[in-house]
file start.cif (mmCIF, C-alpha atoms and all ligand atoms)
data_input
loop_
_atom_site.group_PDB
_atom_site.id
_atom_site.type_symbol
_atom_site.label_atom_id
_atom_site.label_comp_id
_atom_site.auth_asym_id
_atom_site.auth_seq_id
_atom_site.Cartn_x
_atom_site.Cartn_y
_atom_site.Cartn_z
ATOM 1 C CA MET F 8 46.741 80.325 25.365
ATOM 2 C CA ASP F 9 46.073 82.529 22.356
ATOM 3 C CA LYS F 10 43.379 81.748 19.828
ATOM 4 C CA SER F 11 45.741 80.155 17.327
ATOM 5 C CA THR F 12 46.654 77.419 19.849
ATOM 6 C CA ILE F 13 45.609 73.946 18.732
ATOM 7 C CA LYS F 14 44.914 71.636 21.656
ATOM 8 C CA GLY F 15 45.473 67.890 21.592
ATOM 9 C CA LYS F 16 45.470 65.046 24.113
ATOM 10 C CA LYS F 17 49.181 64.918 24.949
ATOM 11 C CA ILE F 18 50.482 67.964 23.111
ATOM 12 C CA PHE F 19 49.410 71.373 21.907
ATOM 13 C CA LEU F 20 50.579 73.475 18.990
ATOM 14 C CA ARG F 21 51.163 77.196 19.438
ATOM 15 C CA ARG F 22 52.727 79.771 17.144
ATOM 16 C CA ILE F 23 56.512 79.843 17.461
ATOM 17 C CA ARG F 24 58.052 82.824 19.301
ATOM 18 C CA LEU F 25 61.497 84.390 19.170
ATOM 19 C CA SER F 26 61.778 83.562 22.886
ATOM 20 C CA ASP F 27 61.647 79.850 21.945
ATOM 21 C CA VAL F 28 65.167 80.223 20.575
ATOM 22 C CA ASN F 29 67.435 78.816 23.272
ATOM 23 C CA GLN F 30 70.422 76.471 23.420
ATOM 24 C CA ASN F 31 68.146 73.457 23.313
ATOM 25 C CA TYR F 32 66.301 74.478 20.125
ATOM 26 C CA LEU F 33 69.627 75.525 18.568
ATOM 27 C CA SER F 34 71.092 72.088 19.314
ATOM 28 C CA TRP F 35 68.293 70.352 17.323
ATOM 29 C CA MET F 36 69.056 72.530 14.300
ATOM 30 C CA ASN F 37 72.767 71.729 14.375
ATOM 31 C CA ASP F 38 72.405 68.018 15.149
ATOM 32 C CA PRO F 39 73.412 65.954 12.074
ATOM 33 C CA GLU F 40 71.272 62.948 13.059
ATOM 34 C CA THR F 41 68.129 65.025 13.637
ATOM 35 C CA THR F 42 68.480 67.059 10.454
ATOM 36 C CA GLN F 43 69.840 64.392 8.100
ATOM 37 C CA PHE F 44 66.608 64.452 6.027
ATOM 38 C CA LEU F 45 65.893 68.186 6.377
ATOM 39 C CA GLU F 46 66.996 71.073 4.178
ATOM 40 C CA CYS F 47 67.937 73.143 7.254
ATOM 41 C CA ARG F 48 71.087 70.991 7.544
ATOM 42 C CA PHE F 49 72.802 73.132 4.903
ATOM 43 C CA THR F 50 72.972 76.062 7.323
ATOM 44 C CA LYS F 51 75.211 76.392 10.386
ATOM 45 C CA TRP F 52 72.690 77.818 12.832
ATOM 46 C CA THR F 53 73.379 80.487 15.426
ATOM 47 C CA LYS F 54 70.776 82.048 17.742
ATOM 48 C CA LYS F 55 70.825 85.188 15.592
ATOM 49 C CA LYS F 56 70.261 83.283 12.339
ATOM 50 C CA LEU F 57 67.469 81.243 13.886
ATOM 51 C CA LYS F 58 65.728 84.354 15.243
ATOM 52 C CA ASN F 59 65.984 86.042 11.836
ATOM 53 C CA TYR F 60 64.574 82.944 10.163
ATOM 54 C CA LEU F 61 61.619 82.880 12.579
ATOM 55 C CA LYS F 62 61.030 86.624 12.141
ATOM 56 C CA GLU F 63 60.755 86.129 8.391
ATOM 57 C CA ILE F 64 58.578 83.045 8.659
ATOM 58 C CA ASN F 65 56.202 84.732 11.118
ATOM 59 C CA LYS F 66 55.759 87.615 8.646
ATOM 60 C CA ASP F 67 54.819 85.223 5.852
ATOM 61 C CA ARG F 68 51.011 84.966 5.529
ATOM 62 C CA ASP F 69 51.374 81.737 3.591
ATOM 63 C CA CYS F 70 53.281 79.880 6.251
ATOM 64 C CA LEU F 71 52.144 78.889 9.751
ATOM 65 C CA PHE F 72 54.923 77.723 12.021
ATOM 66 C CA PHE F 73 54.028 76.064 15.325
ATOM 67 C CA ALA F 74 55.946 74.880 18.370
ATOM 68 C CA ILE F 75 54.965 71.384 19.546
ATOM 69 C CA VAL F 76 54.612 71.510 23.340
ATOM 70 C CA LEU F 77 53.846 68.779 25.902
ATOM 71 C CA ASN F 78 50.614 69.397 27.818
ATOM 72 C CA LYS F 79 51.946 67.962 31.068
ATOM 73 C CA SER F 80 55.259 69.768 31.388
ATOM 74 C CA ASN F 81 54.921 72.648 28.894
ATOM 75 C CA LYS F 82 58.182 71.408 27.335
ATOM 76 C CA HIS F 83 58.906 72.518 23.749
ATOM 77 C CA ILE F 84 59.815 69.279 21.933
ATOM 78 C CA GLY F 85 59.746 70.218 18.267
ATOM 79 C CA ASN F 86 58.118 72.204 15.507
ATOM 80 C CA ILE F 87 55.598 71.718 12.747
ATOM 81 C CA LYS F 88 55.002 73.932 9.753
ATOM 82 C CA LEU F 89 52.116 74.368 7.364
ATOM 83 C CA GLY F 90 53.479 76.126 4.331
ATOM 84 C CA PRO F 91 53.770 77.240 1.754
ATOM 85 C CA ILE F 92 49.963 77.454 1.627
ATOM 86 C CA ASN F 93 48.546 77.942 -1.850
ATOM 87 C CA ARG F 94 45.377 79.989 -1.300
ATOM 88 C CA HIS F 95 44.283 79.755 -4.941
ATOM 89 C CA HIS F 96 44.362 75.981 -5.143
ATOM 90 C CA LEU F 97 43.782 75.440 -1.410
ATOM 91 C CA PHE F 98 46.621 73.137 -0.495
ATOM 92 C CA GLY F 99 49.561 73.362 1.878
ATOM 93 C CA ASP F 100 52.747 71.469 2.614
ATOM 94 C CA ILE F 101 53.631 70.060 6.040
ATOM 95 C CA GLY F 102 57.089 69.696 7.572
ATOM 96 C CA ILE F 103 57.822 68.355 11.058
ATOM 97 C CA LEU F 104 60.734 68.029 13.462
ATOM 98 C CA ILE F 105 60.644 66.350 16.874
ATOM 99 C CA GLY F 106 63.960 67.761 18.064
ATOM 100 C CA ASP F 107 63.862 66.391 21.610
ATOM 101 C CA LYS F 108 65.072 62.807 21.141
ATOM 102 C CA SER F 109 63.515 61.555 24.384
ATOM 103 C CA SER F 110 60.112 62.631 23.020
ATOM 104 C CA ARG F 111 60.331 60.532 19.834
ATOM 105 C CA GLY F 112 58.462 57.256 19.361
ATOM 106 C CA LYS F 113 55.696 58.321 21.755
ATOM 107 C CA GLY F 114 53.066 59.241 19.184
ATOM 108 C CA HIS F 115 53.689 62.997 19.434
ATOM 109 C CA GLY F 116 54.692 63.325 15.761
ATOM 110 C CA GLN F 117 51.557 61.535 14.682
ATOM 111 C CA GLU F 118 49.343 63.634 16.958
ATOM 112 C CA ALA F 119 50.952 66.902 15.806
ATOM 113 C CA ILE F 120 50.352 66.056 12.138
ATOM 114 C CA LYS F 121 46.741 65.045 12.792
ATOM 115 C CA LEU F 122 46.066 68.260 14.732
ATOM 116 C CA LEU F 123 47.572 70.425 12.002
ATOM 117 C CA VAL F 124 45.674 68.602 9.245
ATOM 118 C CA GLU F 125 42.391 69.081 11.114
ATOM 119 C CA PHE F 126 43.183 72.791 11.513
ATOM 120 C CA ALA F 127 44.092 73.060 7.806
ATOM 121 C CA PHE F 128 40.857 71.385 6.719
ATOM 122 C CA LYS F 129 38.365 72.780 9.235
ATOM 123 C CA LYS F 130 39.683 76.279 9.937
ATOM 124 C CA LEU F 131 41.559 77.134 6.742
ATOM 125 C CA ARG F 132 39.242 75.103 4.491
ATOM 126 C CA LEU F 133 42.174 73.643 2.584
ATOM 127 C CA HIS F 134 41.373 70.928 0.097
ATOM 128 C CA LYS F 135 44.611 68.990 0.471
ATOM 129 C CA VAL F 136 47.834 68.741 2.449
ATOM 130 C CA THR F 137 51.094 67.324 1.134
ATOM 131 C CA ALA F 138 54.504 66.305 2.485
ATOM 132 C CA GLY F 139 57.786 65.509 0.740
ATOM 133 C CA ILE F 140 59.823 62.735 2.353
ATOM 134 C CA TYR F 141 63.242 61.276 1.641
ATOM 135 C CA ALA F 142 62.578 57.627 0.711
ATOM 136 C CA ASN F 143 65.084 56.416 3.329
ATOM 137 C CA ASN F 144 63.422 58.376 6.156
ATOM 138 C CA ILE F 145 61.589 55.379 7.615
ATOM 139 C CA GLY F 146 60.235 57.241 10.665
ATOM 140 C CA SER F 147 58.782 60.038 8.582
ATOM 141 C CA ASN F 148 57.189 57.633 6.120
ATOM 142 C CA LYS F 149 55.528 55.755 8.963
ATOM 143 C CA VAL F 150 54.308 58.812 10.810
ATOM 144 C CA PHE F 151 52.627 60.331 7.738
ATOM 145 C CA VAL F 152 50.982 57.007 6.819
ATOM 146 C CA LYS F 153 49.741 56.720 10.426
ATOM 147 C CA ALA F 154 48.302 60.228 10.084
ATOM 148 C CA GLY F 155 46.293 59.111 7.051
ATOM 149 C CA PHE F 156 48.502 60.259 4.169
ATOM 150 C CA LYS F 157 48.832 58.247 0.953
ATOM 151 C CA GLN F 158 51.699 58.143 -1.504
ATOM 152 C CA ALA F 159 50.920 60.448 -4.440
ATOM 153 C CA GLY F 160 54.101 59.963 -6.409
ATOM 154 C CA VAL F 161 57.836 59.604 -6.452
ATOM 155 C CA LEU F 162 60.491 62.020 -7.675
ATOM 156 C CA ALA F 163 63.330 59.715 -8.677
ATOM 157 C CA LYS F 164 66.782 60.364 -7.182
ATOM 158 C CA HIS F 165 65.644 63.817 -6.120
ATOM 159 C CA ARG F 166 67.656 64.344 -2.917
ATOM 160 C CA ARG F 167 71.315 63.909 -2.110
ATOM 161 C CA CYS F 168 72.039 62.457 1.332
ATOM 162 C CA ASN F 169 75.034 63.388 3.468
ATOM 163 C CA ASN F 170 76.904 60.343 2.126
ATOM 164 C CA ASN F 171 76.247 61.632 -1.439
ATOM 165 C CA GLN F 172 73.803 58.820 -2.155
ATOM 166 C CA LEU F 173 70.903 59.996 -4.332
ATOM 167 C CA VAL F 174 67.504 58.981 -2.988
ATOM 168 C CA ASP F 175 63.918 59.295 -4.209
ATOM 169 C CA GLU F 176 61.580 61.848 -2.696
ATOM 170 C CA ILE F 177 58.159 60.471 -1.892
ATOM 171 C CA ILE F 178 55.285 62.909 -2.204
ATOM 172 C CA MET F 179 52.555 62.152 0.303
ATOM 173 C CA GLU F 180 49.072 63.664 0.256
ATOM 174 C CA LYS F 181 45.883 63.708 2.255
ATOM 175 C CA LEU F 182 42.645 64.949 0.749
ATOM 176 C CA ASN F 183 39.907 66.760 2.630
ATOM 177 C CA LEU F 184 37.031 64.413 1.929
ATOM 178 C CA GLU F 185 34.504 66.966 3.191
ATOM 179 C CA ASN F 186 35.281 69.331 0.302
HETATM 180 C C1 LIG Q 201 60.000 61.440 11.886
HETATM 181 C C2 LIG Q 201 59.474 61.999 13.202
HETATM 182 C C3 LIG Q 201 58.633 63.248 12.924
HETATM 183 C C4 LIG Q 201 58.588 60.932 13.876
HETATM 184 O O1 LIG Q 201 58.006 61.507 15.035
HETATM 185 P P1 LIG Q 201 57.692 60.605 16.318
HETATM 186 O O2 LIG Q 201 56.957 61.428 17.297
HETATM 187 O O3 LIG Q 201 58.934 59.952 16.768
HETATM 188 O O4 LIG Q 201 56.731 59.503 15.674
HETATM 189 P P2 LIG Q 201 55.520 58.745 16.381
HETATM 190 O O5 LIG Q 201 55.931 58.367 17.770
HETATM 191 O O6 LIG Q 201 54.261 59.527 16.217
HETATM 192 O O7 LIG Q 201 55.485 57.427 15.532
HETATM 193 C C5 LIG Q 201 54.526 57.100 14.527
HETATM 194 C C6 LIG Q 201 54.846 55.721 14.003
HETATM 195 O O8 LIG Q 201 56.096 55.761 13.300
HETATM 196 C C7 LIG Q 201 57.028 54.849 13.862
HETATM 197 N N1 LIG Q 201 58.360 55.469 13.843
HETATM 198 C C8 LIG Q 201 58.688 56.716 14.237
HETATM 199 N N2 LIG Q 201 60.018 56.922 14.068
HETATM 200 C C9 LIG Q 201 60.514 55.773 13.558
HETATM 201 C C10 LIG Q 201 61.807 55.363 13.140
HETATM 202 N N3 LIG Q 201 62.862 56.211 13.215
HETATM 203 N N4 LIG Q 201 61.960 54.122 12.627
HETATM 204 C C11 LIG Q 201 60.902 53.279 12.528
HETATM 205 N N5 LIG Q 201 59.644 53.607 12.894
HETATM 206 C C12 LIG Q 201 59.445 54.841 13.400
HETATM 207 C C13 LIG Q 201 56.547 54.633 15.283
HETATM 208 O O9 LIG Q 201 56.972 53.392 15.763
HETATM 209 C C14 LIG Q 201 55.036 54.685 15.109
HETATM 210 O O10 LIG Q 201 54.528 53.477 14.638
HETATM 211 P P3 LIG Q 201 53.654 52.526 15.607
HETATM 212 O O11 LIG Q 201 52.486 53.389 16.041
HETATM 213 O O12 LIG Q 201 53.291 51.401 14.730
HETATM 214 O O13 LIG Q 201 54.559 52.180 16.742
HETATM 215 C C15 LIG Q 201 60.639 62.334 14.191
HETATM 216 O O14 LIG Q 201 61.421 61.188 14.396
HETATM 217 C C16 LIG Q 201 61.546 63.442 13.694
HETATM 218 O O15 LIG Q 201 61.214 64.596 13.829
HETATM 219 N N6 LIG Q 201 62.712 63.109 13.108
HETATM 220 C C17 LIG Q 201 63.702 64.072 12.696
HETATM 221 C C18 LIG Q 201 63.221 65.054 11.638
HETATM 222 C C19 LIG Q 201 62.533 64.407 10.436
HETATM 223 O O16 LIG Q 201 63.036 63.504 9.822
HETATM 224 N N7 LIG Q 201 61.351 64.960 10.118
HETATM 225 C C20 LIG Q 201 60.520 64.499 9.015
HETATM 226 C C21 LIG Q 201 60.820 65.255 7.790
HETATM 227 S S1 LIG Q 201 59.627 64.913 6.503
#
call {"tool": "encode", "arguments": {"input": "start.cif", "output": "structure tokens"}}
result
Amino acid sequence: MDKSTIKGKKIFLRRIRLSDVNQNYLSWMNDPETTQFLECRFTKWTKKKLKNYLKEINKDRDCLFFAIVLNKSNKHIGNIKLGPINRHHLFGDIGILIGDKSSRGKGHGQEAIKLLVEFAFKKLRLHKVTAGIYANNIGSNKVFVKAGFKQAGVLAKHRRCNNNQLVDEIIMEKLNLEN
């Protein structure tokens, strides 16, 4: 494990690698159910496009992109991103995807967010983390609340769903109370 690995009870987070791009990961990115609330759904992903995307993201100092991996089996089940990070105002945005459907509803999303928030606060000394959630994404709302986030505000009719319905975007935030 390299030094940027973040260890948890059931999962660990490690920096994403180009070698993580396989048919499995690609299938998450092109699955309409998985990506229905994510902006990546507007792209038709190929292995080449995904590798290029990861190359760019790994070059970006203001974005940390992690694979979520099960401790027991070493299985890559999803990804979590901290970024963009604003180093002047000391906040960062979190996005998460548990792509492996059999790994959902087992607390891994919640644990991944908590681990990343702790890293953001303790190691990066960020003051705040945020997340933007489609109002109709029930699972995402729950998981961020469980991880200690509070609703900061609502952007009315801010996102257009696949059925063309306009929905609010909920901005969630968690403050570093030690700062
Ligand atoms: C949303 C997502 C991250 C949740 O991850 P997860 O690992 O399944 O969530 P957890 O198991 O940690 O669940 C945390 C809580 O949320 C609840 N929850 C999770 N998904 C849910 C859903 N679809 N509907 C209702 N409740 C849900 C769980 O029951 C749990 O509550 P509990 O402890 O009271 O039982 C995951 O489903 C996912 O990646 N979805 C697709 C991509 C996405 O929408 N990402 C979020 C973008 S902001």
call {"tool": "residues_near_ligand", "arguments": {"input": "start.cif", "ligand": "ligand LIG 201 (chain Q)", "cutoff": "7 Å", "atoms": "all atoms listed in the file", "output": "JSON, numbers by chain"}}
result
{"F": [41, 42, 44, 45, 102, 103, 104, 105, 106, 110, 111, 112, 113, 114, 115, 116, 117, 118, 138, 139, 140, 144, 145, 146, 147, 149, 150, 153]}
call {"tool": "closest_residue", "arguments": {"input": "start.cif", "among": "F:Leu77, F:Phe151, F:Asp38, F:Ala142", "to": "Ala163 of chain F", "atoms": "only C-alpha atoms"}}
result
F:Ala142
call {"tool": "atom_distance", "arguments": {"input": "start.cif", "atom1": "atom CA of Lys10 of chain F", "atom2": "atom CA of Gln30 of chain F"}}
result
27.8 Å
call {"tool": "resolve_selection", "arguments": {"input": "start.cif", "expression": "the PyMOL selection byres (((chain F and resi 133) around 10) and not hetatm)", "output": "MDAnalysis selection string"}}
result
chainID F and resid 92:99 124:132 134:136 182:183 186
call {"tool": "residues_around", "arguments": {"input": "start.cif", "residues": "segment 85-87 of chain F", "least_positions_apart": "3", "cutoff": "12 Å", "atoms": "all atoms listed in the file", "output": "number ranges by chain"}}
result
F: 13, 18-24, 27-28, 31-36, 41, 61, 70-77, 81-82, 90, 100-111, 115-124, 138
call {"tool": "resolve_selection", "arguments": {"input": "start.cif", "expression": "the PyMOL selection byres (((chain F and resi 160) around 12) and not hetatm)", "output": "list in words"}}
result
Thr137, Ala138, Gly139, Ile140, Ala142, Phe156, Lys157, Gln158, Ala159, Val161, Leu162, Ala163, Asp175, Glu176, Ile177, Ile178, Met179 and Glu180 of chain F
call {"tool": "atom_distance", "arguments": {"input": "start.cif", "atom1": "atom CA of Gly155 of chain F", "atom2": "atom CA of Lys181 of chain F"}}
result
6.7 Å
call {"tool": "closest_residue", "arguments": {"input": "start.cif", "among": "F:Lys88, F:Leu25, F:Asn78, F:Lys16", "to": "Lys62 of chain F", "atoms": "all atoms listed in the file"}}
result
F:Leu25
